[in-house]
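**Q** Dropping in query.cif, with mmCIF, C-alpha atoms and all ligand atoms.
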data_start
loop_
_atom_site.group_PDB
_atom_site.id
_atom_site.type_symbol
_atom_site.label_atom_id
_atom_site.label_comp_id
_atom_site.auth_asym_id
_atom_site.auth_seq_id
_atom_site.Cartn_x
_atom_site.Cartn_y
_atom_site.Cartn_z
ATOM 1 C CA MET A 1 25.784 61.335 74.031
ATOM 2 C CA PHE A 2 29.404 60.249 74.569
ATOM 3 C CA ALA A 3 30.022 63.182 76.978
ATOM 4 C CA ARG A 4 26.891 62.279 78.968
ATOM 5 C CA LEU A 5 27.913 58.633 79.116
ATOM 6 C CA ARG A 6 31.402 59.602 80.312
ATOM 7 C CA ALA A 7 29.954 61.910 83.011
ATOM 8 C CA PHE A 8 27.644 59.105 84.167
ATOM 9 C CA LEU A 9 30.568 56.665 84.324
ATOM 10 C CA SER A 10 32.704 59.118 86.378
ATOM 11 C CA ALA A 11 29.861 59.748 88.823
ATOM 12 C CA TRP A 12 29.346 56.015 89.190
ATOM 13 C CA ARG A 13 33.072 55.352 89.777
ATOM 14 C CA ASP A 14 33.310 58.216 92.297
ATOM 15 C CA TYR A 15 30.120 57.305 94.136
ATOM 16 C CA PRO A 16 30.815 58.216 97.793
ATOM 17 C CA ARG A 17 31.221 55.520 100.428
ATOM 18 C CA GLU A 18 28.213 54.976 102.696
ATOM 19 C CA GLU A 19 28.116 55.536 106.439
ATOM 20 C CA GLY A 20 29.142 52.335 108.250
ATOM 21 C CA GLU A 21 31.252 50.992 105.330
ATOM 22 C CA LEU A 22 34.692 49.657 106.233
ATOM 23 C CA ILE A 23 37.631 51.014 104.233
ATOM 24 C CA GLY A 24 41.112 49.466 104.283
ATOM 25 C CA LYS A 25 39.737 46.768 106.621
ATOM 26 C CA ARG A 26 39.857 49.148 109.608
ATOM 27 C CA TYR A 27 38.352 52.601 108.908
ATOM 28 C CA LYS A 28 34.587 52.784 109.424
ATOM 29 C CA VAL A 29 32.861 55.694 107.661
ATOM 30 C CA LEU A 30 31.089 58.002 110.161
ATOM 31 C CA SER A 31 30.257 60.809 107.721
ATOM 32 C CA ARG A 32 31.328 62.442 104.489
ATOM 33 C CA ILE A 33 33.005 65.805 105.137
ATOM 34 C CA GLY A 34 33.962 67.028 101.705
ATOM 35 C CA MET A 35 33.817 66.489 97.982
ATOM 36 C CA GLY A 36 36.223 68.433 95.786
ATOM 37 C CA SER A 37 37.027 68.078 92.105
ATOM 38 C CA TYR A 38 39.908 65.642 92.740
ATOM 39 C CA GLY A 39 38.894 63.928 95.939
ATOM 40 C CA LEU A 40 36.435 63.048 98.646
ATOM 41 C CA ALA A 41 36.933 63.315 102.402
ATOM 42 C CA TYR A 42 35.404 61.308 105.229
ATOM 43 C CA ARG A 43 35.368 61.329 109.012
ATOM 44 C CA CYS A 44 36.030 57.744 110.040
ATOM 45 C CA LEU A 45 36.555 55.635 113.124
ATOM 46 C CA ASP A 46 39.872 53.808 113.198
ATOM 47 C CA THR A 47 38.501 50.547 114.605
ATOM 48 C CA LEU A 48 41.974 49.299 115.594
ATOM 49 C CA GLU A 49 42.903 52.330 117.656
ATOM 50 C CA ASN A 50 39.359 53.453 118.500
ATOM 51 C CA ARG A 51 39.814 57.090 117.504
ATOM 52 C CA GLN A 52 38.487 59.381 114.794
ATOM 53 C CA VAL A 53 40.570 59.989 111.678
ATOM 54 C CA ALA A 54 40.157 61.966 108.445
ATOM 55 C CA LEU A 55 40.319 59.911 105.232
ATOM 56 C CA LYS A 56 40.951 61.552 101.892
ATOM 57 C CA GLN A 57 40.197 59.573 98.755
ATOM 58 C CA ALA A 58 41.556 60.370 95.312
ATOM 59 C CA LYS A 59 38.585 60.159 92.957
ATOM 60 C CA PRO A 60 38.957 56.943 90.914
ATOM 61 C CA SER A 61 37.753 58.808 87.796
ATOM 62 C CA LYS A 62 40.789 61.142 88.026
ATOM 63 C CA GLY A 63 43.121 58.178 87.534
ATOM 64 C CA ASN A 64 46.790 58.763 88.131
ATOM 65 C CA VAL A 65 46.547 62.542 88.593
ATOM 66 C CA GLY A 66 44.336 62.247 91.683
ATOM 67 C CA LYS A 67 46.564 59.524 93.116
ATOM 68 C CA LYS A 68 49.762 61.499 92.492
ATOM 69 C CA MET A 69 48.297 64.583 94.172
ATOM 70 C CA LEU A 70 47.379 62.543 97.233
ATOM 71 C CA MET A 71 50.848 60.958 97.316
ATOM 72 C CA ARG A 72 52.442 64.398 97.236
ATOM 73 C CA GLU A 73 50.220 65.497 100.137
ATOM 74 C CA ARG A 74 51.245 62.332 102.015
ATOM 75 C CA ASP A 75 54.953 63.028 101.418
ATOM 76 C CA ILE A 76 54.614 66.555 102.783
ATOM 77 C CA LEU A 77 52.490 65.612 105.815
ATOM 78 C CA ARG A 78 55.059 62.952 106.715
ATOM 79 C CA GLN A 79 57.734 65.609 107.000
ATOM 80 C CA LEU A 80 55.725 67.857 109.285
ATOM 81 C CA ASP A 81 55.574 67.377 113.000
ATOM 82 C CA HIS A 82 53.483 69.927 114.862
ATOM 83 C CA PRO A 83 50.792 69.450 117.543
ATOM 84 C CA TYR A 84 48.405 71.755 115.638
ATOM 85 C CA ILE A 85 48.800 70.181 112.198
ATOM 86 C CA PRO A 86 46.944 66.857 111.692
ATOM 87 C CA ALA A 87 49.544 64.099 111.682
ATOM 88 C CA PHE A 88 49.939 61.604 108.842
ATOM 89 C CA ARG A 89 48.659 58.147 109.870
ATOM 90 C CA ASP A 90 48.382 55.850 106.873
ATOM 91 C CA PHE A 91 48.288 55.586 103.089
ATOM 92 C CA PHE A 92 46.951 52.674 101.056
ATOM 93 C CA GLU A 93 45.256 51.692 97.827
ATOM 94 C CA GLU A 94 42.035 49.755 97.661
ATOM 95 C CA THR A 95 39.637 48.949 94.824
ATOM 96 C CA GLY A 96 41.181 51.423 92.398
ATOM 97 C CA SER A 97 41.395 54.303 94.904
ATOM 98 C CA ALA A 98 44.241 55.836 96.878
ATOM 99 C CA TRP A 99 43.510 56.795 100.495
ATOM 100 C CA LEU A 100 45.324 59.171 102.847
ATOM 101 C CA VAL A 101 44.653 58.930 106.591
ATOM 102 C CA SER A 102 45.431 61.735 109.051
ATOM 103 C CA ASP A 103 44.277 62.870 112.490
ATOM 104 C CA TYR A 104 40.746 64.232 112.585
ATOM 105 C CA VAL A 105 40.281 67.677 114.135
ATOM 106 C CA GLU A 106 36.908 68.168 115.773
ATOM 107 C CA GLY A 107 35.902 71.830 115.662
ATOM 108 C CA LEU A 108 34.691 74.692 113.492
ATOM 109 C CA THR A 109 36.545 76.253 110.601
ATOM 110 C CA LEU A 110 37.303 79.962 110.731
ATOM 111 C CA GLU A 111 34.849 80.303 107.825
ATOM 112 C CA GLN A 112 32.049 78.678 109.861
ATOM 113 C CA LEU A 113 32.867 80.806 112.894
ATOM 114 C CA ILE A 114 32.641 84.064 110.949
ATOM 115 C CA PHE A 115 29.837 83.319 108.510
ATOM 116 C CA GLU A 116 27.646 80.855 110.431
ATOM 117 C CA GLN A 117 28.281 81.734 114.082
ATOM 118 C CA GLY A 118 28.667 85.488 113.548
ATOM 119 C CA ARG A 119 31.896 85.624 115.575
ATOM 120 C CA ILE A 120 33.481 89.086 115.574
ATOM 121 C CA PHE A 121 37.247 89.503 115.730
ATOM 122 C CA GLY A 122 38.639 92.820 116.920
ATOM 123 C CA GLU A 123 42.128 93.971 116.029
ATOM 124 C CA GLN A 124 43.852 92.470 119.074
ATOM 125 C CA ASP A 125 41.982 89.136 118.715
ATOM 126 C CA THR A 126 42.990 89.072 115.063
ATOM 127 C CA LEU A 127 46.637 89.800 115.830
ATOM 128 C CA ARG A 128 46.765 87.096 118.524
ATOM 129 C CA PHE A 129 45.079 84.647 116.152
ATOM 130 C CA ALA A 130 47.460 85.511 113.314
ATOM 131 C CA LEU A 131 50.445 85.078 115.637
ATOM 132 C CA ASN A 132 49.295 81.584 116.610
ATOM 133 C CA LEU A 133 48.505 80.588 113.058
ATOM 134 C CA MET A 134 51.867 81.895 111.863
ATOM 135 C CA LYS A 135 53.646 79.575 114.305
ATOM 136 C CA ARG A 136 52.092 76.636 112.419
ATOM 137 C CA VAL A 137 52.878 78.244 109.058
ATOM 138 C CA ASN A 138 56.441 78.961 110.159
ATOM 139 C CA HIS A 139 56.887 75.273 110.978
ATOM 140 C CA VAL A 140 55.802 74.401 107.431
ATOM 141 C CA HIS A 141 58.260 76.962 106.010
ATOM 142 C CA GLU A 142 61.109 75.782 108.233
ATOM 143 C CA ARG A 143 60.577 72.243 106.941
ATOM 144 C CA GLY A 144 61.020 73.612 103.415
ATOM 145 C CA PHE A 145 57.398 73.797 102.242
ATOM 146 C CA VAL A 146 54.729 76.352 101.440
ATOM 147 C CA HIS A 147 51.053 75.665 102.137
ATOM 148 C CA LEU A 148 49.620 77.671 99.218
ATOM 149 C CA ASP A 149 46.023 77.397 100.400
ATOM 150 C CA LEU A 150 45.902 79.490 103.581
ATOM 151 C CA ARG A 151 42.223 80.314 103.566
ATOM 152 C CA ILE A 152 39.544 80.537 106.248
ATOM 153 C CA PRO A 153 38.065 77.057 105.476
ATOM 154 C CA ASN A 154 41.497 75.514 106.115
ATOM 155 C CA VAL A 155 41.868 76.735 109.675
ATOM 156 C CA ILE A 156 39.956 74.817 112.373
ATOM 157 C CA LEU A 157 39.344 75.989 115.927
ATOM 158 C CA ARG A 158 38.886 73.453 118.689
ATOM 159 C CA GLY A 159 38.123 75.591 121.731
ATOM 160 C CA GLU A 160 40.993 78.071 121.757
ATOM 161 C CA ASP A 161 43.332 75.773 119.795
ATOM 162 C CA ILE A 162 44.049 76.698 116.180
ATOM 163 C CA TYR A 163 44.757 73.918 113.665
ATOM 164 C CA LEU A 164 46.056 74.255 110.124
ATOM 165 C CA ILE A 165 44.693 71.636 107.696
ATOM 166 C CA ASP A 166 44.590 70.710 103.997
ATOM 167 C CA PHE A 167 48.026 70.348 102.448
ATOM 168 C CA GLY A 168 46.544 69.357 99.094
ATOM 169 C CA LEU A 169 48.171 72.275 97.265
ATOM 170 C CA ALA A 170 51.379 72.461 99.351
ATOM 171 C CA ARG A 171 54.734 72.373 97.584
ATOM 172 C CA ARG A 172 58.420 72.336 98.358
ATOM 173 C CA ILE A 173 59.700 75.948 98.351
ATOM 174 C CA GLY A 174 60.865 76.835 94.842
ATOM 175 C CA ASP A 175 59.033 73.959 93.106
ATOM 176 C CA GLU A 176 56.842 74.822 90.203
ATOM 177 C CA ARG A 177 53.124 75.137 90.822
ATOM 178 C CA SER A 178 51.555 73.528 87.820
ATOM 179 C CA SER A 179 48.165 73.159 86.226
ATOM 180 C CA ASP A 180 47.210 70.070 88.254
ATOM 181 C CA ASP A 181 46.828 72.235 91.412
ATOM 182 C CA GLY A 182 43.057 72.131 91.149
ATOM 183 C CA GLU A 183 41.831 75.076 89.109
ATOM 184 C CA PRO A 184 44.838 76.407 87.180
ATOM 185 C CA GLU A 185 45.515 80.113 87.371
ATOM 186 C CA LEU A 186 45.597 81.531 83.853
ATOM 187 C CA ASP A 187 48.089 84.059 82.534
ATOM 188 C CA LYS A 188 47.155 86.970 80.245
ATOM 189 C CA ASP A 189 47.233 84.630 77.226
ATOM 190 C CA GLY A 190 44.786 82.258 78.898
ATOM 191 C CA LEU A 191 47.445 79.590 79.511
ATOM 192 C CA PRO A 192 47.986 77.878 82.891
ATOM 193 C CA ARG A 193 50.385 80.077 84.832
ATOM 194 C CA ARG A 194 53.553 78.374 86.032
ATOM 195 C CA MET A 195 55.352 79.964 88.942
ATOM 196 C CA PRO A 196 57.667 78.896 91.735
ATOM 197 C CA ALA A 197 56.109 78.121 95.116
ATOM 198 C CA ALA A 198 57.249 80.947 97.399
ATOM 199 C CA ILE A 199 56.827 81.956 101.043
ATOM 200 C CA ALA A 200 55.556 85.362 99.840
ATOM 201 C CA SER A 201 52.496 83.613 98.452
ATOM 202 C CA ASP A 202 51.551 82.224 101.908
ATOM 203 C CA LEU A 203 52.117 85.626 103.508
ATOM 204 C CA HIS A 204 49.898 87.279 100.911
ATOM 205 C CA ASP A 205 47.160 84.712 101.677
ATOM 206 C CA ILE A 206 47.502 85.416 105.414
ATOM 207 C CA GLY A 207 46.854 89.089 104.574
ATOM 208 C CA HIS A 208 43.511 88.116 103.018
ATOM 209 C CA LEU A 209 42.700 85.831 105.945
ATOM 210 C CA ILE A 210 43.332 88.746 108.347
ATOM 211 C CA LEU A 211 41.033 90.949 106.257
ATOM 212 C CA PHE A 212 38.237 88.360 106.554
ATOM 213 C CA MET A 213 38.684 88.432 110.342
ATOM 214 C CA LEU A 214 38.719 92.245 110.575
ATOM 215 C CA TYR A 215 35.685 92.560 108.285
ATOM 216 C CA SER A 216 33.737 90.334 110.712
ATOM 217 C CA GLY A 217 33.194 93.502 112.779
ATOM 218 C CA TYR A 218 32.431 95.812 109.866
ATOM 219 C CA THR A 219 28.925 97.083 109.149
ATOM 220 C CA PRO A 220 28.599 98.882 105.814
ATOM 221 C CA ILE A 221 26.866 102.251 105.886
ATOM 222 C CA PRO A 222 23.559 101.714 104.024
ATOM 223 C CA GLY A 223 23.613 103.237 100.562
ATOM 224 C CA SER A 224 27.348 103.982 100.635
ATOM 225 C CA GLU A 225 29.643 102.862 97.837
ATOM 226 C CA GLU A 226 32.079 100.036 98.359
ATOM 227 C CA ARG A 227 35.592 101.320 99.116
ATOM 228 C CA SER A 228 38.977 99.688 99.583
ATOM 229 C CA TRP A 229 39.791 97.902 102.874
ATOM 230 C CA SER A 230 42.146 100.711 103.901
ATOM 231 C CA GLU A 231 39.289 103.226 103.647
ATOM 232 C CA GLU A 232 36.551 101.025 105.118
ATOM 233 C CA LEU A 233 38.325 99.538 108.146
ATOM 234 C CA GLU A 234 39.325 101.640 111.137
ATOM 235 C CA LEU A 235 42.759 100.339 111.996
ATOM 236 C CA THR A 236 45.700 101.284 114.203
ATOM 237 C CA PRO A 237 48.842 102.390 112.313
ATOM 238 C CA GLY A 238 50.572 99.116 113.297
ATOM 239 C CA MET A 239 47.813 96.921 111.807
ATOM 240 C CA ARG A 240 47.631 99.072 108.699
ATOM 241 C CA ARG A 241 51.390 98.770 108.143
ATOM 242 C CA ILE A 242 51.240 94.980 108.551
ATOM 243 C CA LEU A 243 48.395 94.652 106.040
ATOM 244 C CA LEU A 244 50.097 96.914 103.529
ATOM 245 C CA ARG A 245 53.275 94.835 103.737
ATOM 246 C CA LEU A 246 51.297 91.598 103.331
ATOM 247 C CA LEU A 247 49.034 92.713 100.525
ATOM 248 C CA GLU A 248 50.646 95.456 98.504
ATOM 249 C CA GLY A 249 53.694 93.606 97.225
ATOM 250 C CA SER A 250 56.320 96.313 97.719
ATOM 251 C CA ASN A 251 58.260 96.072 100.990
ATOM 252 C CA CYS A 252 56.677 92.660 101.702
ATOM 253 C CA TYR A 253 58.119 90.303 104.340
ATOM 254 C CA THR A 254 60.797 87.981 103.054
ATOM 255 C CA GLU A 255 60.300 85.319 105.704
ATOM 256 C CA SER A 256 57.652 84.349 108.238
ATOM 257 C CA ARG A 257 59.873 85.092 111.301
ATOM 258 C CA GLU A 258 60.068 88.756 110.295
ATOM 259 C CA PHE A 259 56.286 88.905 110.076
ATOM 260 C CA ILE A 260 55.901 87.135 113.449
ATOM 261 C CA ARG A 261 58.217 89.715 115.082
ATOM 262 C CA GLU A 262 56.116 92.543 113.680
ATOM 263 C CA ILE A 263 52.853 91.033 114.978
ATOM 264 C CA GLU A 264 54.451 90.646 118.425
ATOM 265 C CA GLN A 265 55.536 94.282 118.313
ATOM 266 C CA ALA A 266 52.068 95.468 117.224
ATOM 267 C CA LEU A 267 50.477 93.412 120.013
ATOM 268 C CA SER A 268 52.756 94.781 122.703
ATOM 269 C CA ASN A 269 52.161 98.352 121.438
ATOM 270 C CA SER A 270 48.385 97.948 121.479
ATOM 271 C CA GLU A 271 48.473 96.288 124.927
ATOM 272 C CA SER A 272 50.559 99.111 126.389
ATOM 273 C CA GLU A 273 48.220 101.679 124.732
ATOM 274 C CA SER A 274 45.186 100.008 126.331
ATOM 275 C CA THR A 275 46.826 99.966 129.803
ATOM 276 C CA ASP A 276 47.893 103.648 129.415
ATOM 277 C CA SER A 277 44.354 104.777 128.634
HETATM 278 N N1 LIG A 301 42.129 66.527 109.388
HETATM 279 C C1 LIG A 301 40.903 67.033 109.283
HETATM 280 N N2 LIG A 301 40.118 67.140 110.371
HETATM 281 C C2 LIG A 301 38.867 67.624 110.262
HETATM 282 N N3 LIG A 301 38.291 68.029 109.114
HETATM 283 C C3 LIG A 301 39.033 67.948 108.015
HETATM 284 C C4 LIG A 301 40.375 67.453 108.023
HETATM 285 N N4 LIG A 301 40.866 67.498 106.772
HETATM 286 C C5 LIG A 301 39.884 68.000 106.004
HETATM 287 N N5 LIG A 301 38.770 68.282 106.733
HETATM 288 C C6 LIG A 301 37.492 68.829 106.253
HETATM 289 O O1 LIG A 301 37.096 68.037 105.146
HETATM 290 C C7 LIG A 301 36.588 68.838 104.087
HETATM 291 C C8 LIG A 301 37.342 68.537 102.812
HETATM 292 O O2 LIG A 301 38.697 68.717 103.055
HETATM 293 P P1 LIG A 301 39.805 68.661 101.936
HETATM 294 O O3 LIG A 301 41.109 68.851 102.593
HETATM 295 O O4 LIG A 301 39.573 67.466 101.096
HETATM 296 O O5 LIG A 301 39.505 69.952 101.171
HETATM 297 P P2 LIG A 301 39.275 70.189 99.654
HETATM 298 O O6 LIG A 301 38.806 68.970 98.933
HETATM 299 O O7 LIG A 301 40.466 70.904 99.151
HETATM 300 O O8 LIG A 301 38.072 71.167 99.821
HETATM 301 P P3 LIG A 301 38.092 72.678 100.189
HETATM 302 O O9 LIG A 301 37.932 73.339 98.856
HETATM 303 O O10 LIG A 301 36.876 72.827 101.101
HETATM 304 O O11 LIG A 301 39.391 73.014 100.887
HETATM 305 C C9 LIG A 301 36.690 70.274 104.571
HETATM 306 O O12 LIG A 301 35.411 70.656 105.051
HETATM 307 C C10 LIG A 301 37.661 70.232 105.729
HETATM 308 O O13 LIG A 301 37.300 71.167 106.727
#
Once more with this new file: its structure as structure tokens, please.
Ligand SMILES: Nc1ncnc2c1ncn2[C@@H]1O[C@H](COP(=O)(O)OP(=O)(O)OP(=O)(O)O)[C@@H](O)[C@H]1O

**A**
Amino acid sequence: MFARLRAFLSAWRDYPREEGELIGKRYKVLSRIGMGSYGLAYRCLDTLENRQVALKQAKPSKGNVGKKMLMRERDILRQLDHPYIPAFRDFFEETGSAWLVSDYVEGLTLEQLIFEQGRIFGEQDTLRFALNLMKRVNHVHERGFVHLDLRIPNVILRGEDIYLIDFGLARRIGDERSSDDGEPELDKDGLPRRMPAAIASDLHDIGHLILFMLYSGYTPIPGSEERSWSEELELTPGMRRILLRLLEGSNCYTESREFIREIEQALSNSESESTDS
């Protein structure tokens, strides 16, 4: 009974704001865009500046943990300055909740493009996309941070422009990633794994993101058994080498610039191959 009562109380405290409500005396809710375990997100109109913004709310039921996570995200966003990363706008507390305001990016996530729109990315498209995305990621690394959540729902396309969003799990390079990073990763003893935030982790995630893009053009042979990506995907040697370095651990890139140089090389090789043929 107590557990049910507590769940009811949390749901009541975290009840989402309604469309049209005014938050922080200036942000009018246009729609709710997300609801995670620690926070809610809204698309709002900044009535003072007459433009759309994204508002993230730490769930009141999560108390100080939710607020601290949002403050850390604020501190990181403040130190970034890139045209394709939503800029920090405001932070405030109101009626027991902390709120983070950033630019709103109108567009579709890479996840929506692949899984809802059926967009197919060939190898060259994927390399060009990865090169662009890595320029944003490199900015984050050069400012001393790692994103730690480089996944297809956290990349938004507006026309041809590629935006990197969601710094909720980002950390300063070398800081410990701890169990309050959403779902804790467990070690072999079932305890939350503690490990330093490293650039290699972002590069590994980019490897998976590239695989999602390349698989957009893959049709499994009916009745055939599932195989590894290196057997299923038909790739040029350059692309294969890049993926192996990103995903297999040994010989991995030590910094994002090195990876960017290799994508540029692979792109110029494949472009000269296509003009030769
Ligand atoms: N600046 C932004 N512009 C546009 N949409 C955004 C922005 N920030 C977040 N979103 C969208 O709001 C939703 C929730 O974003 P949030 O960053 O809170 O992610 P989250 O709670 O970690 O959830 P998820 O697990 O989907 O990443 C997502 O659908 C995301 O695409």

**Q** List the residues matched by the PyMOL selection byres (((chain A and resi 64-73) around 6) and not hetatm) in the displayed structure as a PyMOL selection string, ordered by chain and then by residue number.

**A** chain A and resi 38+58+62-63+74-76+98+167-168

**Q** When the PyMOL selection byres (((not hetatm)) within 7 of (chain A and resi 301)) is applied to the file above, which residues end up in the set, as a list in words?

**A** Ile33, Gly34, Met35, Gly36, Gly39, Leu40, Ala41, Tyr42, Ala54, Lys56, Pro86, Ser102, Asp103, Tyr104, Val105, Glu106, Thr109, Pro153, Asn154, Ile165, Asp166 and Gly168 of chain A

**Q** Point out the residue among A:Ile242, A:Val146, A:Ile23, A:Ile210 with the least atom-to-atom distance to Leu45 of chain A, counting only C-alpha atoms.

**A**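 When distances to Leu45 of chain A are compared using only C-alpha atoms, the smallest one comes from A:Ile23.
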
**Q** Which residues would end up in the selection if the PyMOL selection byres (((chain A and resi 203) around 10) and not hetatm) were applied here, given that I need the answer as an MDAnalysis selection string?

**A** chainID A and resid 134 137 146 148 150 198:202 204:209 245:247 252:256 259

**Q** As a list in words, please: the residues near Pro83 of chain A (cut-off 9 Å, all atoms listed in the file, same-chain neighbours under 3 positions excluded).

**A**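 Contacts, with the query itself left out: Pro86, Ala87, Arg136 and Tyr163 of chain A.
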
**Q** Rounded to one decimal in Å, what is the spacing between atom CA of Glu19 of chain A and atom CA of Ala170 of chain A?

**A**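 Calculated distance between atom CA of Glu19 of chain A and atom CA of Ala170 of chain A is 29.6 Å.
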
**Q** Can you work out which one of A:Glu176, A:Glu264, A:Glu18, A:Glu234 has the shortest atom-to-atom distance to Gly122 of chain A, counting only C-alpha atoms?

**A** A:Glu234

**Q** Find the residues near Leu233 of chain A: any atom within 8 Å, counting all atoms listed in the file, skip ones fewer than 3 places away on the same chain, and give them as a list in words.

**A**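 After dropping sequence-adjacent residues, the list is Leu214, Tyr215, Tyr218, Trp229 and Ser230 of chain A.
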
**Q** In Å, rounded to a single decimal, give me how far atom CA of Gly144 of chain A is from atom CA of Leu80 of chain A.

**A**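 Calculated distance between atom CA of Leu80 of chain A and atom CA of Gly144 of chain A is 9.8 Å.
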
**Q** Would you compute an axis-aligned box for segment 119-123 of chain A, covering every atom listed for it in the file with 4 Å of margin on each side, and report centre and edge lengths in Å to one decimal as AutoDock Vina command-line options?

**A**
--center_x 37.0 --center_y 89.8 --center_z 116.2 --size_x 18.2 --size_y 16.3 --size_z 9.3

**Q** Give me, please, the distance in Å between atom CA of Ser268 of chain A and atom CA of Leu110 of chain A, quoted to one decimal.

**A**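 Interatomic distance here is 24.5 Å.
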
**Q** Pick the closest to Leu108 of chain A from A:Pro196, A:Gly20, A:Pro60, A:Gly159: which is it, counting only C-alpha atoms?

**A**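 The shortest atom-to-atom distance to Leu108 of chain A comes from A:Gly159.
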
**Q** Between A:Arg171, A:Arg240, A:Arg257, A:Arg151, single out the one closest to Leu127 of chain A, counting only C-alpha atoms.

**A**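 Among the listed residues, A:Arg240 lies closest to Leu127 of chain A.
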
**Q** Go through A:Thr219, A:Gln79, A:Ser37, A:Gln117 one by one, measure the shortest atom-to-atom distance of each to His141 of chain A using only C-alpha atoms, and give the residue with the smallest value.

**A**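 Looking only at the distances to His141 of chain A, the closest residue turns out to be A:Gln79.
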
**Q** Between A:Glu21, A:Glu123, A:Glu248, A:Asp81, which is the closest to Phe212 of chain A once you count only C-alpha atoms?

**A** A:Glu123
